[in-house]
Amino acid sequence: MTTLQSIPLERRSIQDDTCPSFEETLELVGRRWTGSILTAAHQGATRFGEFRASIDGISDRLLSQRLKELETAGLLERSVIPSTPVQIRYRLSPDGLALVEALQPLAQWTLRRSARRNVQQDSPARTP
């Protein structure tokens, strides 16, 4: 019997039984601002204002919504510090950190693709 672990990584594919979970993850990660929020958390943002300052263009309402979604999904952990005023801090959960690390190859692919496209655009057009 073949197991997923016995298949070389480059030949593994999304199986029918894992496809719904994979789709759900892609939908969550693909939502607007989610990648920016995960990146900000990975770079050390912990408080609402730090997230807002590091993500240009996001509204307070949408940031709040995305933080709640990522907490519900188990990618961020939220802690309440009882002080005056009350402080709320976020940090990547172990699953959130694993996701950010899993997305690194995609980020590297994006940079390579962008560099290739820029080189192609900067090249003089060839005439036949």
# chains A, B, ... in the order shown; residues from 1 in each chain; ligands from 1

$ select_by_dssp --residues "range 58-101 of chain A" --states "strand (DSSP E)" --output "ChimeraX atom specification"
/A:76-81,87-92

$ write_last_selection --atoms "all heavy atoms" --output "tab-separated table (two decimals), in the first residue's frame"
chain	number	residue	atom	x	y	z
A	76	LEU	N	-4.18	32.37	14.88
A	76	LEU	CA	-3.72	33.39	15.83
A	76	LEU	C	-4.25	33.04	17.21
A	76	LEU	O	-5.36	32.50	17.34
A	76	LEU	CB	-4.25	34.78	15.46
A	76	LEU	CG	-3.65	35.49	14.27
A	76	LEU	CD1	-4.33	36.85	14.07
A	76	LEU	CD2	-2.15	35.69	14.42
A	77	GLU	N	-3.46	33.36	18.21
A	77	GLU	CA	-3.90	33.23	19.59
A	77	GLU	C	-4.08	34.63	20.16
A	77	GLU	O	-3.25	35.51	19.93
A	77	GLU	CB	-2.87	32.45	20.41
A	77	GLU	CG	-2.74	31.02	19.95
A	77	GLU	CD	-1.62	30.27	20.64
A	77	GLU	OE1	-0.76	30.90	21.30
A	77	GLU	OE2	-1.60	29.03	20.51
A	78	ARG	N	-5.18	34.83	20.87
A	78	ARG	CA	-5.52	36.13	21.42
A	78	ARG	C	-5.42	36.05	22.93
A	78	ARG	O	-5.93	35.11	23.54
A	78	ARG	CB	-6.95	36.48	21.00
A	78	ARG	CG	-7.47	37.78	21.52
A	78	ARG	CD	-8.91	37.94	20.99
A	78	ARG	NE	-9.49	39.21	21.34
A	78	ARG	CZ	-10.30	39.42	22.38
A	78	ARG	NH1	-10.63	38.41	23.17
A	78	ARG	NH2	-10.78	40.62	22.60
A	79	SER	N	-4.74	37.02	23.52
A	79	SER	CA	-4.68	37.06	24.98
A	79	SER	C	-5.13	38.43	25.46
A	79	SER	O	-4.86	39.44	24.82
A	79	SER	CB	-3.28	36.73	25.49
A	79	SER	OG	-2.33	37.62	24.96
A	80	VAL	N	-5.84	38.41	26.57
A	80	VAL	CA	-6.35	39.63	27.18
A	80	VAL	C	-5.51	39.90	28.42
A	80	VAL	O	-5.39	39.05	29.30
A	80	VAL	CB	-7.84	39.48	27.56
A	80	VAL	CG1	-8.36	40.75	28.23
A	80	VAL	CG2	-8.67	39.13	26.34
A	81	ILE	N	-4.94	41.09	28.47
A	81	ILE	CA	-4.12	41.48	29.62
A	81	ILE	C	-4.96	42.45	30.45
A	81	ILE	O	-5.27	43.56	30.00
A	81	ILE	CB	-2.81	42.13	29.15
A	81	ILE	CG1	-2.04	41.09	28.34
A	81	ILE	CG2	-2.00	42.64	30.33
A	81	ILE	CD1	-0.97	41.66	27.47
A	87	GLN	N	-5.59	45.38	27.57
A	87	GLN	CA	-4.77	45.19	26.38
A	87	GLN	C	-5.09	43.84	25.75
A	87	GLN	O	-5.24	42.85	26.46
A	87	GLN	CB	-3.28	45.23	26.74
A	87	GLN	CG	-2.81	46.57	27.22
A	87	GLN	CD	-1.32	46.54	27.51
A	87	GLN	OE1	-0.56	45.80	26.91
A	87	GLN	NE2	-0.90	47.37	28.46
A	88	ILE	N	-5.19	43.85	24.44
A	88	ILE	CA	-5.40	42.62	23.67
A	88	ILE	C	-4.14	42.40	22.85
A	88	ILE	O	-3.67	43.30	22.17
A	88	ILE	CB	-6.61	42.74	22.71
A	88	ILE	CG1	-7.87	43.21	23.46
A	88	ILE	CG2	-6.84	41.43	21.98
A	88	ILE	CD1	-8.42	42.24	24.45
A	89	ARG	N	-3.59	41.21	22.93
A	89	ARG	CA	-2.40	40.88	22.15
A	89	ARG	C	-2.67	39.63	21.33
A	89	ARG	O	-3.40	38.73	21.76
A	89	ARG	CB	-1.20	40.65	23.06
A	89	ARG	CG	-0.81	41.92	23.81
A	89	ARG	CD	0.56	41.79	24.40
A	89	ARG	NE	0.89	43.01	25.13
A	89	ARG	CZ	1.62	43.99	24.64
A	89	ARG	NH1	2.10	43.91	23.43
A	89	ARG	NH2	1.89	45.05	25.38
A	90	TYR	N	-2.07	39.59	20.16
A	90	TYR	CA	-2.20	38.45	19.26
A	90	TYR	C	-0.81	37.90	18.99
A	90	TYR	O	0.17	38.63	18.98
A	90	TYR	CB	-2.82	38.88	17.93
A	90	TYR	CG	-4.23	39.40	18.05
A	90	TYR	CD1	-4.47	40.76	18.27
A	90	TYR	CD2	-5.32	38.54	17.97
A	90	TYR	CE1	-5.75	41.25	18.40
A	90	TYR	CE2	-6.61	39.02	18.09
A	90	TYR	CZ	-6.82	40.37	18.31
A	90	TYR	OH	-8.09	40.84	18.43
A	91	ARG	N	-0.76	36.61	18.74
A	91	ARG	CA	0.48	36.00	18.28
A	91	ARG	C	0.11	34.78	17.44
A	91	ARG	O	-0.99	34.23	17.56
A	91	ARG	CB	1.40	35.61	19.43
A	91	ARG	CG	0.90	34.49	20.29
A	91	ARG	CD	1.87	34.22	21.45
A	91	ARG	NE	1.38	33.14	22.26
A	91	ARG	CZ	1.85	31.90	22.18
A	91	ARG	NH1	2.83	31.60	21.37
A	91	ARG	NH2	1.35	30.95	22.94
A	92	LEU	N	1.04	34.42	16.57
A	92	LEU	CA	0.80	33.24	15.75
A	92	LEU	C	0.72	32.01	16.64
A	92	LEU	O	1.53	31.83	17.55
A	92	LEU	CB	1.93	33.05	14.74
A	92	LEU	CG	1.98	34.02	13.57
A	92	LEU	CD1	3.27	33.82	12.78
A	92	LEU	CD2	0.78	33.83	12.66

$ select_by_dssp --residues "range 39-103 of chain A" --states "alpha helix (DSSP H)" --output "PyMOL selection string"
chain A and resi 39-42+48-54+60-72+94-103

$ atom_distance --atom1 "CA of Gln120 in chain A" --atom2 "CA of Gly35 in chain A"
27.2 Å

$ closest_residue --among "A:Phe48, A:Thr110, A:Pro20, A:Glu27" --to "Arg61 in chain A" --atoms "only C-alpha atoms"
A:Phe48

$ atom_distance --atom1 "CA of Leu99 in chain A" --atom2 "CA of Leu75 in chain A"
8.1 Å

$ residues_around --residues "Asp60 in chain A" --least-positions-apart "3" --cutoff "10 Å" --atoms "only C-alpha atoms" --output "VMD selection string"
chain A and resid 48 to 49 51 to 52 57 63 to 66

$ atom_distance --atom1 "CA of Ala53 in chain A" --atom2 "CA of Pro85 in chain A"
19.9 Å

$ closest_residue --among "A:Ile37, A:Ala102, A:Leu70, A:Cys19" --to "Ser54 in chain A" --atoms "only C-alpha atoms"
A:Ile37

$ closest_residue --among "A:Leu97, A:Arg31, A:Arg113, A:Ser21" --to "Leu62 in chain A" --atoms "only C-alpha atoms"
A:Arg31
